[in-house]
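run26.txt (compact mmCIF, C-alpha atoms) appears below.
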# COMPACT_ATOMS: atom_id res chain seq x y z
CA MET H 1 93.32 -52.21 127.18
CA THR H 2 93.66 -54.58 124.24
CA VAL H 3 95.61 -53.97 121.05
CA TRP H 4 92.32 -53.36 119.22
CA ASP H 5 91.61 -50.21 121.24
CA ASP H 6 93.93 -48.26 118.91
CA LEU H 7 91.62 -48.91 115.94
CA VAL H 8 89.24 -45.97 115.99
CA GLY H 9 85.88 -46.64 114.38
CA GLN H 10 86.97 -49.96 112.81
CA GLU H 11 84.86 -52.44 114.78
CA ARG H 12 84.23 -54.78 111.84
CA VAL H 13 87.93 -54.97 110.92
CA SER H 14 88.86 -55.51 114.58
CA GLU H 15 86.47 -58.46 114.79
CA GLN H 16 87.93 -60.07 111.67
CA LEU H 17 91.51 -59.65 112.85
CA ALA H 18 90.70 -60.88 116.36
CA ALA H 19 89.12 -64.02 114.90
CA ALA H 20 92.17 -64.63 112.69
CA ALA H 21 94.49 -64.10 115.66
CA ARG H 22 92.56 -66.72 117.65
CA ASP H 23 92.90 -69.21 114.79
CA ALA H 24 96.61 -68.37 114.47
CA ASP H 25 97.05 -68.96 118.19
CA ALA H 26 95.28 -72.33 117.90
CA PHE H 27 97.62 -73.24 115.04
CA VAL H 28 100.73 -72.46 117.11
CA THR H 29 99.34 -74.26 120.15
CA ALA H 30 98.56 -77.35 118.08
CA ALA H 31 102.03 -77.33 116.51
CA ALA H 32 103.67 -77.07 119.92
CA SER H 33 101.74 -80.08 121.21
CA ASP H 34 102.00 -82.11 117.98
CA ALA H 35 98.20 -82.03 117.72
CA PRO H 36 96.59 -81.66 114.28
CA PRO H 37 95.99 -78.01 113.33
CA PRO H 38 92.41 -76.70 113.05
CA GLU H 39 90.76 -77.67 109.77
CA ALA H 40 89.00 -74.35 109.16
CA SER H 41 90.96 -71.18 109.78
CA ARG H 42 90.42 -67.47 109.27
CA MET H 43 94.19 -67.00 109.32
CA THR H 44 96.26 -66.64 106.15
CA HIS H 45 99.86 -65.80 105.27
CA ALA H 46 99.31 -62.41 103.56
CA TRP H 47 97.00 -59.50 104.31
CA LEU H 48 96.32 -56.24 102.47
CA PHE H 49 95.01 -53.29 104.51
CA THR H 50 93.54 -50.45 102.45
CA GLY H 51 91.68 -47.28 103.33
CA PRO H 52 91.89 -43.49 103.05
CA PRO H 53 94.61 -41.48 104.81
CA GLY H 54 94.00 -41.34 108.53
CA ALA H 55 91.82 -44.44 108.67
CA GLY H 56 94.54 -46.30 110.59
CA ARG H 57 95.89 -48.86 108.11
CA ASN H 58 99.28 -49.10 109.79
CA GLN H 59 97.75 -49.16 113.27
CA ALA H 60 95.46 -52.03 112.28
CA ALA H 61 98.35 -54.01 110.83
CA ARG H 62 100.54 -53.39 113.89
CA ALA H 63 97.72 -54.34 116.27
CA PHE H 64 97.32 -57.61 114.35
CA ALA H 65 101.08 -58.20 114.53
CA ALA H 66 100.92 -57.68 118.29
CA ALA H 67 98.02 -60.13 118.64
CA LEU H 68 99.99 -62.74 116.68
CA GLN H 69 102.92 -62.32 119.09
CA CYS H 70 100.81 -62.20 122.25
CA VAL H 71 102.21 -64.38 125.06
CA SER H 72 99.71 -63.49 127.78
CA PRO H 73 99.18 -66.36 130.25
CA ASP H 74 95.46 -65.52 130.16
CA ARG H 75 95.20 -67.31 126.81
CA ALA H 76 95.54 -70.64 128.62
CA LEU H 77 92.41 -69.68 130.55
CA GLY H 78 90.43 -68.82 127.44
CA GLY H 79 91.62 -65.24 126.99
CA ALA H 80 91.89 -63.85 123.45
CA PRO H 81 95.31 -62.97 121.98
CA GLY H 82 96.08 -59.26 121.87
CA CYS H 83 95.99 -58.37 125.57
CA GLY H 84 98.09 -55.24 125.00
CA PHE H 85 100.14 -55.74 128.20
CA CYS H 86 102.40 -58.76 127.72
CA ASP H 87 105.94 -58.52 126.41
CA GLY H 88 104.93 -59.82 122.97
CA CYS H 89 102.18 -57.24 122.53
CA HIS H 90 104.20 -54.35 123.96
CA THR H 91 107.35 -54.89 121.88
CA ALA H 92 105.33 -55.44 118.69
CA LEU H 93 103.38 -52.21 119.23
CA VAL H 94 106.48 -50.09 119.92
CA GLY H 95 108.47 -51.66 117.08
CA THR H 96 111.16 -53.56 118.99
CA HIS H 97 109.94 -57.16 118.64
CA ALA H 98 112.60 -59.41 117.11
CA ASP H 99 110.06 -61.14 114.87
CA VAL H 100 108.20 -58.06 113.60
CA SER H 101 110.02 -56.31 110.76
CA THR H 102 108.70 -52.96 109.50
CA VAL H 103 109.45 -51.50 106.08
CA ALA H 104 108.44 -47.91 105.31
CA ALA H 105 109.27 -45.64 102.40
CA VAL H 106 112.17 -43.39 103.29
CA GLY H 107 111.95 -41.43 100.04
CA ALA H 108 109.49 -41.49 97.15
CA GLU H 109 109.91 -45.26 96.66
CA ILE H 110 110.75 -48.42 98.55
CA LEU H 111 113.88 -49.58 96.78
CA VAL H 112 114.80 -53.22 96.29
CA LYS H 113 117.87 -52.77 98.49
CA ASP H 114 115.52 -51.65 101.29
CA MET H 115 113.58 -54.92 100.91
CA ARG H 116 116.42 -57.38 100.34
CA ASP H 117 117.28 -58.16 103.97
CA THR H 118 113.60 -58.21 104.97
CA VAL H 119 112.67 -60.66 102.22
CA ARG H 120 115.59 -62.86 103.28
CA LYS H 121 114.42 -62.73 106.90
CA SER H 122 110.89 -63.73 105.87
CA PHE H 123 112.17 -67.19 104.97
CA THR H 124 113.65 -67.80 108.43
CA ALA H 125 111.89 -69.31 111.42
CA PRO H 126 110.66 -66.89 114.11
CA ALA H 127 113.05 -66.48 117.00
CA ASN H 128 110.39 -66.92 119.66
CA GLY H 129 108.57 -69.85 118.04
CA ARG H 130 105.38 -67.93 117.11
CA TRP H 131 105.26 -65.87 113.88
CA GLN H 132 107.64 -64.00 111.62
CA VAL H 133 105.69 -60.84 110.73
CA ILE H 134 106.67 -58.50 107.88
CA LEU H 135 104.83 -55.16 107.94
CA VAL H 136 105.12 -53.00 104.79
CA GLU H 137 103.65 -49.61 105.69
CA ASP H 138 103.77 -48.00 102.24
CA ALA H 139 103.11 -50.86 99.83
CA GLU H 140 101.97 -48.37 97.17
CA ARG H 141 105.56 -47.08 97.05
CA LEU H 142 107.12 -50.40 96.10
CA ASN H 143 108.88 -49.92 92.78
CA GLU H 144 109.00 -52.63 90.13
CA LYS H 145 112.03 -54.46 91.50
CA SER H 146 111.04 -54.30 95.17
CA ALA H 147 107.47 -55.36 94.33
CA ASN H 148 108.80 -58.39 92.45
CA ALA H 149 110.91 -59.31 95.49
CA VAL H 150 107.81 -59.15 97.69
CA LEU H 151 105.81 -61.19 95.16
CA LYS H 152 108.30 -64.05 95.26
CA ALA H 153 108.18 -64.09 99.06
CA VAL H 154 104.37 -63.95 99.18
CA GLU H 155 104.02 -66.70 96.57
CA GLU H 156 105.98 -69.25 98.60
CA PRO H 157 106.09 -68.06 102.22
CA ALA H 158 107.67 -69.89 105.11
CA PRO H 159 105.13 -71.77 107.29
CA ARG H 160 105.24 -69.24 110.12
CA THR H 161 105.63 -66.02 108.10
CA VAL H 162 102.85 -63.44 107.76
CA TRP H 163 102.98 -60.47 105.37
CA LEU H 164 100.98 -57.34 106.25
CA LEU H 165 100.79 -54.81 103.39
CA CYS H 166 99.26 -51.34 103.78
CA ALA H 167 98.18 -49.12 100.87
CA PRO H 168 95.52 -46.44 100.17
CA SER H 169 93.63 -48.65 97.70
CA VAL H 170 93.78 -52.12 96.20
CA GLU H 171 94.69 -50.58 92.81
CA ASP H 172 97.94 -49.28 94.33
CA VAL H 173 99.29 -52.83 94.67
CA LEU H 174 100.34 -55.20 91.88
CA PRO H 175 97.48 -57.53 90.87
CA THR H 176 99.77 -60.52 91.32
CA ILE H 177 100.46 -59.49 94.93
CA ARG H 178 96.95 -58.49 95.94
CA SER H 179 95.50 -61.71 94.51
CA ARG H 180 97.53 -63.60 97.14
CA CYS H 181 96.37 -61.43 100.05
CA ARG H 182 93.26 -61.31 102.17
CA HIS H 183 91.88 -57.81 101.69
CA LEU H 184 90.57 -55.66 104.58
CA VAL H 185 89.06 -52.23 103.86
CA LEU H 186 89.18 -49.57 106.57
CA SER H 187 86.88 -46.55 106.46
CA THR H 188 87.39 -43.01 107.67
CA PRO H 189 86.29 -42.92 111.33
CA SER H 190 83.56 -40.49 112.31
CA VAL H 191 84.45 -37.14 113.82
CA GLU H 192 82.70 -38.23 117.01
CA ALA H 193 84.76 -41.43 117.26
CA VAL H 194 88.04 -39.52 116.85
CA ALA H 195 87.01 -36.90 119.40
CA ASP H 196 86.05 -39.63 121.88
CA MET H 197 89.45 -41.31 121.40
CA LEU H 198 91.29 -38.03 122.07
CA VAL H 199 89.36 -37.50 125.29
CA ARG H 200 89.83 -41.07 126.54
CA ARG H 201 93.37 -41.81 125.39
CA GLU H 202 95.08 -38.41 125.35
CA GLY H 203 93.18 -36.55 128.08
CA ILE H 204 92.20 -33.72 125.71
CA GLU H 205 89.40 -31.38 126.72
CA PRO H 206 86.13 -32.35 124.94
CA ASP H 207 85.75 -28.99 123.17
CA VAL H 208 89.32 -29.08 121.85
CA ALA H 209 88.99 -32.74 120.85
CA ALA H 210 85.80 -32.03 118.91
CA SER H 211 87.40 -29.05 117.17
CA VAL H 212 90.54 -30.85 115.97
CA ALA H 213 88.60 -33.98 114.98
CA ARG H 214 86.29 -31.82 112.88
CA ALA H 215 89.23 -29.88 111.40
CA THR H 216 90.97 -33.08 110.27
CA GLN H 217 87.73 -34.76 109.14
CA GLY H 218 88.41 -38.01 110.98
CA HIS H 219 92.15 -38.30 110.24
CA VAL H 220 93.28 -39.97 113.47
CA ASP H 221 97.02 -39.19 113.38
CA ARG H 222 96.58 -35.56 112.34
CA ALA H 223 93.88 -35.02 114.94
CA ARG H 224 96.15 -36.42 117.67
CA ARG H 225 99.02 -34.23 116.52
CA LEU H 226 96.88 -31.06 116.35
CA ALA H 227 95.52 -31.77 119.81
CA THR H 228 98.92 -32.34 121.42
CA ASP H 229 101.38 -30.20 119.40
CA PRO H 230 101.10 -26.38 119.57
CA ALA H 231 103.53 -26.03 116.65
CA ALA H 232 101.23 -28.12 114.44
CA ARG H 233 98.29 -25.87 115.34
CA ALA H 234 100.34 -22.80 114.52
CA ARG H 235 101.34 -24.19 111.12
CA ARG H 236 97.73 -25.03 110.30
CA ALA H 237 96.60 -21.53 111.29
CA SER H 238 99.25 -20.07 108.98
CA VAL H 239 98.10 -22.26 106.08
CA LEU H 240 94.47 -21.21 106.56
CA GLN H 241 95.54 -17.57 106.21
CA LEU H 242 97.07 -18.24 102.79
CA PRO H 243 93.82 -17.71 100.78
CA GLN H 244 93.68 -14.14 102.13
CA ARG H 245 97.29 -13.42 101.16
CA VAL H 246 97.15 -14.15 97.43
CA GLU H 247 95.29 -11.01 96.34
CA ASP H 248 98.33 -9.75 94.40
CA VAL H 249 101.24 -11.43 92.60
CA GLY H 250 103.78 -10.49 95.25
CA GLY H 251 101.61 -11.87 98.03
CA ALA H 252 101.04 -15.12 96.14
CA LEU H 253 104.76 -15.65 95.57
CA ARG H 254 105.65 -14.81 99.18
CA ALA H 255 103.01 -17.20 100.45
CA ALA H 256 104.42 -19.98 98.26
CA GLN H 257 107.95 -19.35 99.48
CA GLU H 258 106.87 -19.40 103.12
CA LEU H 259 104.91 -22.63 102.65
CA VAL H 260 107.92 -24.38 101.10
CA ASP H 261 110.28 -22.93 103.72
CA ALA H 262 108.07 -24.24 106.52
CA ALA H 263 108.10 -27.72 104.98
CA ALA H 264 111.88 -27.56 104.58
CA GLU H 265 112.20 -26.54 108.23
CA ASP H 266 110.20 -29.62 109.26
CA ALA H 267 112.63 -31.79 107.31
CA LYS H 268 115.61 -29.98 108.83
CA GLN H 269 114.33 -30.50 112.38
CA LEU H 270 113.85 -34.22 111.79
CA ALA H 271 117.34 -34.45 110.30
CA GLU H 272 118.85 -32.70 113.31
CA GLU H 273 117.06 -35.11 115.64
CA MET H 274 117.99 -38.31 113.82
CA ASP H 275 120.85 -37.97 111.33
CA GLY H 276 123.71 -37.25 113.73
CA LYS H 277 122.83 -40.07 116.11
CA GLU H 278 122.37 -42.55 113.25
CA THR H 279 125.73 -41.63 111.77
CA GLU H 280 127.57 -41.90 115.09
CA ASP H 281 125.88 -45.21 115.90
CA LEU H 282 126.86 -46.63 112.52
CA LYS H 283 130.48 -45.49 112.85
CA ALA H 284 130.66 -47.04 116.31
CA ALA H 285 129.24 -50.29 114.96
CA LEU H 286 131.86 -50.25 112.20
CA GLY H 287 134.64 -49.88 114.76
CA ALA H 288 135.58 -46.24 114.28
CA ALA H 289 136.92 -44.53 117.38
CA GLN H 290 135.23 -41.35 118.60
CA GLY H 291 136.12 -38.73 116.01
CA GLY H 292 138.52 -41.15 114.35
CA ARG H 293 138.75 -42.50 110.81
CA LEU H 294 136.54 -45.28 109.50
CA PRO H 295 138.07 -48.69 108.91
CA ARG H 296 139.05 -49.37 105.33
CA GLY H 297 136.24 -50.60 103.10
CA THR H 298 133.38 -49.15 105.15
CA ALA H 299 132.93 -45.80 103.39
CA GLY H 300 130.27 -47.28 101.13
CA VAL H 301 128.12 -48.22 104.11
CA VAL H 302 128.23 -44.67 105.43
CA LYS H 303 127.41 -43.34 101.95
CA ASP H 304 124.33 -45.58 101.85
CA LEU H 305 123.19 -44.13 105.17
CA GLU H 306 123.70 -40.57 103.90
CA ASP H 307 121.65 -41.37 100.78
CA MET H 308 118.86 -42.78 102.95
CA GLN H 309 118.90 -39.67 105.15
CA LYS H 310 118.68 -37.43 102.10
CA ARG H 311 115.67 -39.38 100.80
CA ARG H 312 114.04 -39.13 104.23
CA ARG H 313 114.46 -35.33 104.27
CA THR H 314 112.81 -35.13 100.85
CA ARG H 315 109.96 -37.36 102.01
CA THR H 316 109.47 -35.32 105.21
CA GLN H 317 109.25 -32.09 103.21
CA ARG H 318 106.74 -33.67 100.84
CA ASP H 319 104.65 -35.02 103.74
CA SER H 320 104.55 -31.56 105.30
CA LEU H 321 103.39 -30.05 102.01
CA ASP H 322 100.75 -32.78 101.69
CA VAL H 323 99.31 -31.76 105.07
CA ALA H 324 99.21 -28.11 103.98
CA LEU H 325 97.45 -29.04 100.72
CA ALA H 326 94.89 -31.09 102.66
CA ASP H 327 94.20 -28.11 104.95
CA LEU H 328 93.78 -25.80 101.94
CA THR H 329 91.43 -28.25 100.23
CA SER H 330 89.38 -28.45 103.42
CA PHE H 331 89.21 -24.64 103.57
CA TYR H 332 87.90 -24.27 100.01
CA ARG H 333 85.53 -27.18 100.50
CA ASP H 334 83.97 -25.19 103.36
CA VAL H 335 83.78 -22.13 101.11
CA LEU H 336 81.98 -24.18 98.47
CA ALA H 337 79.57 -25.57 101.07
CA LEU H 338 78.63 -22.03 102.11
CA GLN H 339 78.21 -20.92 98.51
CA LEU H 340 75.92 -23.83 97.70
CA GLY H 341 73.95 -23.56 100.92
CA SER H 342 74.93 -27.08 101.96
CA ARG H 343 73.93 -28.32 105.39
CA ILE H 344 77.15 -30.26 105.99
CA ALA H 345 79.11 -29.19 109.04
CA LEU H 346 82.06 -26.88 108.42
CA ALA H 347 85.47 -28.35 109.18
CA ASN H 348 87.25 -25.06 109.82
CA THR H 349 84.96 -23.30 112.27
CA ASP H 350 87.97 -21.42 113.67
CA ALA H 351 88.23 -19.57 110.32
CA GLU H 352 84.51 -18.99 109.80
CA ASP H 353 84.82 -15.24 109.18
CA ALA H 354 87.35 -15.77 106.38
CA LEU H 355 85.22 -18.55 104.91
CA GLU H 356 82.11 -16.37 104.78
CA ARG H 357 83.98 -13.42 103.30
CA LEU H 358 85.50 -15.52 100.53
CA ALA H 359 82.16 -17.23 99.88
CA ARG H 360 80.55 -13.81 99.35
CA ASP H 361 83.33 -12.43 97.18
CA SER H 362 83.70 -15.38 94.77
CA THR H 363 81.60 -17.89 92.85
CA PRO H 364 81.26 -21.67 93.21
CA GLU H 365 82.95 -22.05 89.83
CA SER H 366 86.06 -20.16 90.98
CA THR H 367 86.14 -22.20 94.21
CA LEU H 368 86.10 -25.44 92.21
CA ARG H 369 88.95 -24.14 90.05
CA ARG H 370 90.94 -23.39 93.20
CA ILE H 371 90.34 -26.88 94.55
CA GLU H 372 91.52 -28.27 91.20
CA ALA H 373 94.67 -26.10 91.42
CA ILE H 374 95.50 -27.60 94.82
CA ALA H 375 95.04 -31.12 93.41
CA ALA H 376 97.26 -30.20 90.44
CA CYS H 377 99.97 -29.08 92.86
CA GLY H 378 99.87 -32.46 94.57
CA GLU H 379 100.13 -34.23 91.21
CA ALA H 380 103.10 -32.05 90.23
CA LEU H 381 104.87 -32.94 93.47
CA ASP H 382 104.19 -36.61 92.72
CA ARG H 383 106.03 -36.13 89.42
CA ASN H 384 109.01 -34.65 91.33
CA VAL H 385 108.44 -31.09 90.14
CA ALA H 386 110.51 -28.68 92.26
CA PRO H 387 108.38 -27.88 95.34
CA LEU H 388 108.69 -24.10 95.01
CA LEU H 389 107.71 -24.17 91.33
CA ALA H 390 104.69 -26.38 92.02
CA VAL H 391 103.49 -24.30 94.99
CA GLU H 392 104.01 -21.00 93.15
CA ALA H 393 101.85 -22.27 90.29
CA MET H 394 99.18 -23.19 92.82
CA THR H 395 99.17 -19.85 94.66
CA MET H 396 98.98 -17.94 91.38
CA ALA H 397 96.01 -20.11 90.39
CA LEU H 398 94.39 -19.44 93.77
CA ARG H 399 94.81 -15.73 93.13
CA ALA H 400 93.26 -15.96 89.64
CA GLY H 401 90.30 -18.03 90.88
What would the structure in this file look like if it were written as structure tokens?
Amino acid sequence: MTVWDDLVGQERVSEQLAAAARDADAFVTAAASDAPPPEASRMTHAWLFTGPPGAGRNQAARAFAAALQCVSPDRALGGAPGCGFCDGCHTALVGTHADVSTVAAVGAEILVKDMRDTVRKSFTAPANGRWQVILVEDAERLNEKSANAVLKAVEEPAPRTVWLLCAPSVEDVLPTIRSRCRHLVLSTPSVEAVADMLVRREGIEPDVAASVARATQGHVDRARRLATDPAARARRASVLQLPQRVEDVGGALRAAQELVDAAAEDAKQLAEEMDGKETEDLKAALGAAQGGRLPRGTAGVVKDLEDMQKRRRTRTQRDSLDVALADLTSFYRDVLALQLGSRIALANTDAEDALERLARDSTPESTLRRIEAIAACGEALDRNVAPLLAVEAMTMALRAG
């Protein structure tokens, strides 16, 4: 199983990356033997992966990083880099490779202090003699200062450094950065491709795999989570009941409160799993005895960790709300399809009775207004409007139609 097997429905992108990885391998081999490097190469120092949510931008970038670090002995016999089994591939895929640094947004933005050490590392030689890979998972969340730090590093990279930037669209990245990157566009995989992956890779029953792939409309990560996590399925079922609960003002407000509470509970669970261990590990690294006081001058480091954990809780709550908004949009899109007599397949076949009832009792115009209200809620959350206020405005708009 090669590293490219994780890229669902992205055959063209896989071929391009595999070709670049082969050229990169030839470059390293030539440098090790003092031979001249290949004249023509499909490898470059900076890549930009774009595509809609669920297309697998981060997976594609990480698979490429693994192929660049591949140390399989089969390569000497003509095998392609990216075997998926060697130590280089395995550690790059699971995120423990010494020469693969990952930067992801903890809160709403990637701050310059989050990038500073990574940018500094990008100018150092790789520890294992192959490539220093910097993977930025949320390049659209770089703020002005952190984007400028990345720009300086991309403009004059070290010889063995490769930047992999991931963003929803090319417009989400500074023109000065994207002009220095090779651009790869990923597309939303087909429902059939996602269902096939769930059957082959996760052992999911074909009927269940087809249902969750259809429900998520080709979003690979969400489909995998729905197929394997009963709690995720329960949350989705609760969200799909919301349109039936907003018939009066009290119901609309209660539904909003429950939606925000569920998102806050997600953030709380993540915090319980990670925050305590991170704090204890940091205190131990700083030399504090178990339950003892911190050494003098280290309080600021702990405060930085607490700030990061707070931003992560906010981001987790927002991500959970984003999933709920996507499910609601999918629900009303199915309603609109029924109202217009469209032949497209319904995504939410498990809620078909509710879809048909709402389609009969409302008009296409009111359905479009409801879809617009959901989009407006997402925009309000982007502007840091209080989650409860934004969701209450949405549920009241859903009630009004």
Using all atoms listed in the file, find each residue in stretch 50-87 of chain H having at least one atom no more than 10 Å away from stretch 137-141 of chain H; report its shortest atom-to-atom pair and that distance in Å (one decimal), rows by chain then rising number, as JSON lines.
{"residue": "H:Thr50", "atom": "CA", "partner": "H:Ala139", "partner_atom": "CA", "distance": 9.9}
{"residue": "H:Arg57", "atom": "CA", "partner": "H:Glu137", "partner_atom": "CA", "distance": 8.2}
{"residue": "H:Asn58", "atom": "CA", "partner": "H:Glu137", "partner_atom": "CA", "distance": 6.0}
{"residue": "H:Gln59", "atom": "CA", "partner": "H:Glu137", "partner_atom": "CA", "distance": 9.6}
{"residue": "H:Ala61", "atom": "CA", "partner": "H:Glu137", "partner_atom": "CA", "distance": 8.6}
{"residue": "H:Arg62", "atom": "CA", "partner": "H:Glu137", "partner_atom": "CA", "distance": 9.5}
Practice item. Find the residue from H:Glu247, H:His90, H:Arg313, H:Leu242 that sits nearest to H:Asp275; use all atoms listed in the file when measuring. Key: H:Arg313
Exercise for review: Tell me which of H:Arg214, H:Arg224, H:Lys152, H:Arg180 sits closest to H:Arg201, counting only C-alpha atoms.
Suggested key: H:Arg224
Point to revise | Residues near stretch 105-116 of chain H, cut-off 8 Å, only C-alpha atoms, skip fewer than 2 positions along chain, as a ChimeraX atom specification | key: /H:103,118-120,137-138,141-143,145-147,149-150,308-309,311-315
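Interatomic distance, atom CA of H:Glu258 against atom CA of H:Arg370: 19.2 Å.
Using all atoms listed in the file, every residue with an atom at most 8 Å from the point (97.6, -61.0, 100.7) is listed here: H:Thr44, H:His45, H:Ala46, H:Trp47, H:Leu48, H:Val154, H:Trp163, H:Leu164, H:Leu165, H:Ile177, H:Arg178, H:Ser179, H:Arg180, H:Cys181, H:Arg182, H:His183.
Our summary of the geometry notes that atom CA of H:Gln16 is positioned 16.2 Å from atom CA of H:Cys83.
Coordinates place atom CA of H:Ala359 at a distance of 15.4 Å from atom CA of H:Ala345.
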Practice item. Name the residues within 10 Å of (86.8, -21.9, 105.2), counting all atoms listed in the file in the file's coordinates, and put them as a VMD selection string. Key: chain H and resid 240 to 241 243 327 to 338 346 to 359
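Closest approach to H:Arg318 among H:Glu278, H:Glu372, H:Glu365, H:Asp261 is made by H:Asp261 (distances from only C-alpha atoms).
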**Study point:** Residue among H:Ala375, H:Leu389, H:Ala252, H:Ala19 lying closest to H:Ala326, counting only C-alpha atoms
**Key:** H:Ala375
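Here the question is which of H:Val260, H:Ala65, H:Leu305, H:Pro387 gets nearest to H:Asp281 using all atoms listed in the file, and that residue is H:Leu305.
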Check your understanding: Of the candidates H:Gln244, H:Gln69, H:Thr29, H:Gln217, which one gets nearest to H:Val191 if we count all atoms listed in the file?
Key -> H:Gln217
Check which residues of stretch 86-201 of chain H sit at most 12 Å from stretch 225-238 of chain H using only C-alpha atoms, and return one row each with the closest pair of atoms and their distance in Å to one decimal, ordered by chain and rising number, as a Markdown table.
| residue | atom | partner | partner_atom | distance |
| --- | --- | --- | --- | --- |
| H:Val194 | CA | H:Ala227 | CA | 11.2 |
| H:Ala195 | CA | H:Ala227 | CA | 9.9 |
| H:Met197 | CA | H:Ala227 | CA | 11.4 |
| H:Leu198 | CA | H:Ala227 | CA | 7.9 |
| H:Val199 | CA | H:Ala227 | CA | 10.0 |
| H:Arg201 | CA | H:Thr228 | CA | 11.7 |
